[in-house]
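The next block holds one structure in the form of structure tokens; read it before the comments.
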Amino acid sequence: MKTIIIGGGRTGKELAARLPDSVIIEKNPEKREKLEGLEGVEVVIGDGCDEELLKRVGLKDAGTFISVTGDDDVNYRAAAIAKRYGVPRIIVRVEDPEDRARFQDLGVDYVMFPTKMMANLIVDLMHPRKDDIDVPFKKILVPILDDNTVKRAFKEALLVASVARAEITVISSPDIERETMELPAREMGVSLRILKEDERLRDIIKRHLHYRGCIIIERVKEHLYYPDCIIIDQEELGFMDRLLGRSIVLKLIKCASRPVLVARTFRYYEQILAILDSSAVSESVGRYSLLLAHLCDASLHLLILENIPEVVEWIKRSGEKANVEIIENWVEGNPMIEVVREVKSGKYQLAVIPWKGTGVIRADLIKRIINCAPCSVLTVV
């Protein structure tokens, strides 16, 4: 399907060169000559916020709308028009990270922050990472993928991977177009590997699903693939569900020896809830929560169910060093009631909980959280 690009600067030109059957709209007529050298690209000089112009170039039939001008207001107005016409995928460039809320409220699918990406890159160059302690994940697996998952779990995987600079591996059914995954991954600077579903792969998954940590065998190299995190859509009924005859969300969480993120938010994390009890896993909950809050510029809310002053003080000290706002909430009533109430409050985009431990958070409470939470849930082992 056609791709419409607003903005003929360096970014827009590079995009158009890589995307066949695209239209690029540029306001400055002096850039026409450079843009017209792009093979298979229609160049239109005009205002990308002109609704009539957008209709003439095929907005109603566009599969992707990308606005990458250096003006956030222009990108917003252009994206709003595309949203009204029901373009399936909208990607925008936003210069000011403080401006992201209005783009998210508009319902933009993917928001890119070049200033934040550049700042992260420079910091990485100045302070090279020596180990995994500075990033929550390096390898993310999305094991169930169909048209709905592209819009849900895969989208959230891209958001997490873009801030953590992680690689994504997906299992895709044969009827899914690679472009629906490759384009947004490329635009967000995320490394993507696609494994197509086939009978042999299904047999391997079925045989190894029960093994601790052995979620998928990478079929080319014939050895186990160990992701740092698995991101799954709870509403998804993909080929693994059909294979096993029931939902595998809780089964994946139980079998995996690594974090599993049940995706529901599909937007940047602004407020993260960390649920802490007396189990040793709470330290890992604090670590993952801090790293994600730091990378996403989010505030971190601690829901503390038991007397764990050492863990809380460590999180607060680490949060101060990472410039993360920490809000404490010590629970005095019934932990199960208070946890469910807080999770269901709608204030958070992500809740982080321990999966295995000796504290008050047990399997039945975890199931309730996963089933009732309006936000995404990250389980930590």
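Each chain of the structure tokens is named A, B, ... in the order shown, its residues numbered from 1; ligands are numbered from 1 in display order.
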List as number ranges by chain the protein and nucleic acid residues near Val331 in chain A, meaning an atom at most 8 Å away when only C-alpha atoms are counted, but skip any in the same chain fewer than 2 places from it.
A: 303-306, 329, 333-335, 338
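With distances restricted to only C-alpha atoms, A:Asp109 is the closest residue to Phe65 in chain A from A:Glu52, A:Glu98, A:Asp109, A:Glu26.
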Quick one: pull the distance between CA of Arg10 in chain A and CA of Ile91 in chain A, Å, one decimal.
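Those two atoms sit 16.4 Å apart.
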Pick from A:Thr11, A:Arg258, A:Arg32, A:Thr3: nearest to Thr180 in chain A, with only C-alpha atoms counted?
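The answer is A:Thr3, which sits nearest to Thr180 in chain A.
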Test item, helix (DSSP H, G or I) assignment across range 15-68 of chain A, answer as a list in words
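For range 15-68 of chain A, the helix (DSSP H, G or I) set is Leu15, Ala16, Ala17, Arg18, Pro29, Glu30, Lys31, Arg32, Glu33, Lys34, Leu35, Glu51, Glu52, Leu53, Leu54, Lys55, Arg56, Leu59, Lys60 and Asp61 of chain A.
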Deliver the residues from the most recent selection as a file, using C-alpha atoms, as an mmCIF file, in the first residue's frame.
data_model
loop_
_atom_site.group_PDB
_atom_site.id
_atom_site.type_symbol
_atom_site.label_atom_id
_atom_site.label_comp_id
_atom_site.auth_asym_id
_atom_site.auth_seq_id
_atom_site.Cartn_x
_atom_site.Cartn_y
_atom_site.Cartn_z
ATOM 1 C CA LEU A 15 12.735 7.219 3.972
ATOM 2 C CA ALA A 16 11.388 7.764 0.471
ATOM 3 C CA ALA A 17 14.514 6.198 -1.028
ATOM 4 C CA ARG A 18 13.868 3.021 0.967
ATOM 5 C CA PRO A 29 10.126 24.200 -3.849
ATOM 6 C CA GLU A 30 13.921 24.533 -3.766
ATOM 7 C CA LYS A 31 14.171 20.917 -2.606
ATOM 8 C CA ARG A 32 12.270 19.539 -5.604
ATOM 9 C CA GLU A 33 15.354 18.826 -7.703
ATOM 10 C CA LYS A 34 17.053 16.706 -5.029
ATOM 11 C CA LEU A 35 13.864 14.792 -4.291
ATOM 12 C CA GLU A 51 -6.394 18.229 3.608
ATOM 13 C CA GLU A 52 -7.404 18.634 -0.036
ATOM 14 C CA LEU A 53 -3.828 18.067 -1.168
ATOM 15 C CA LEU A 54 -3.549 14.965 0.977
ATOM 16 C CA LYS A 55 -6.759 13.610 -0.501
ATOM 17 C CA ARG A 56 -5.458 14.204 -4.032
ATOM 18 C CA LEU A 59 -4.655 9.662 1.651
ATOM 19 C CA LYS A 60 -7.766 7.473 1.715
ATOM 20 C CA ASP A 61 -5.827 4.547 0.246
#
Write out as a ChimeraX atom specification each polymer residue whose atoms come within 10 Å of range 151-157 of chain A, counting only C-alpha atoms; drop sequence neighbours fewer than 4 positions from it.
/A:88-89,109-110,140-147,161-162,166-170,180-181,184-185,190,229-236,261-268,376
With a distance cut-off of 10 Å and only C-alpha atoms, select the neighbouring residues of Ala101 in chain A, excluding the residue or stretch itself and same-chain residues fewer than 4 positions from it, and output the selection as a JSON list (two decimals) with N, CA and C atoms, in the first residue's frame.
[["chain", "number", "residue", "atom", "x", "y", "z"],
["A", 97, "PRO", "N", 10.24, 16.09, 23.73],
["A", 97, "PRO", "CA", 9.66, 14.96, 24.46],
["A", 97, "PRO", "C", 8.49, 15.36, 25.36],
["A", 105, "ASP", "N", -2.52, 11.10, 22.89],
["A", 105, "ASP", "CA", -3.97, 11.30, 23.00],
["A", 105, "ASP", "C", -4.63, 11.30, 21.62],
["A", 106, "LEU", "N", -3.89, 11.74, 20.62],
["A", 106, "LEU", "CA", -4.41, 11.73, 19.25],
["A", 106, "LEU", "C", -4.57, 10.31, 18.72],
["A", 107, "GLY", "N", -3.78, 9.39, 19.28],
["A", 107, "GLY", "CA", -3.85, 8.01, 18.83],
["A", 107, "GLY", "C", -2.82, 7.66, 17.77],
["A", 267, "ARG", "N", 1.74, 2.23, 24.70],
["A", 267, "ARG", "CA", 2.13, 3.63, 24.67],
["A", 267, "ARG", "C", 3.30, 3.81, 25.64],
["A", 268, "TYR", "N", 3.95, 4.97, 25.57],
["A", 268, "TYR", "CA", 5.11, 5.19, 26.42],
["A", 268, "TYR", "C", 4.71, 5.17, 27.89],
["A", 270, "GLU", "N", 4.67, 6.46, 31.46],
["A", 270, "GLU", "CA", 4.84, 7.70, 32.19],
["A", 270, "GLU", "C", 4.81, 7.48, 33.70]]
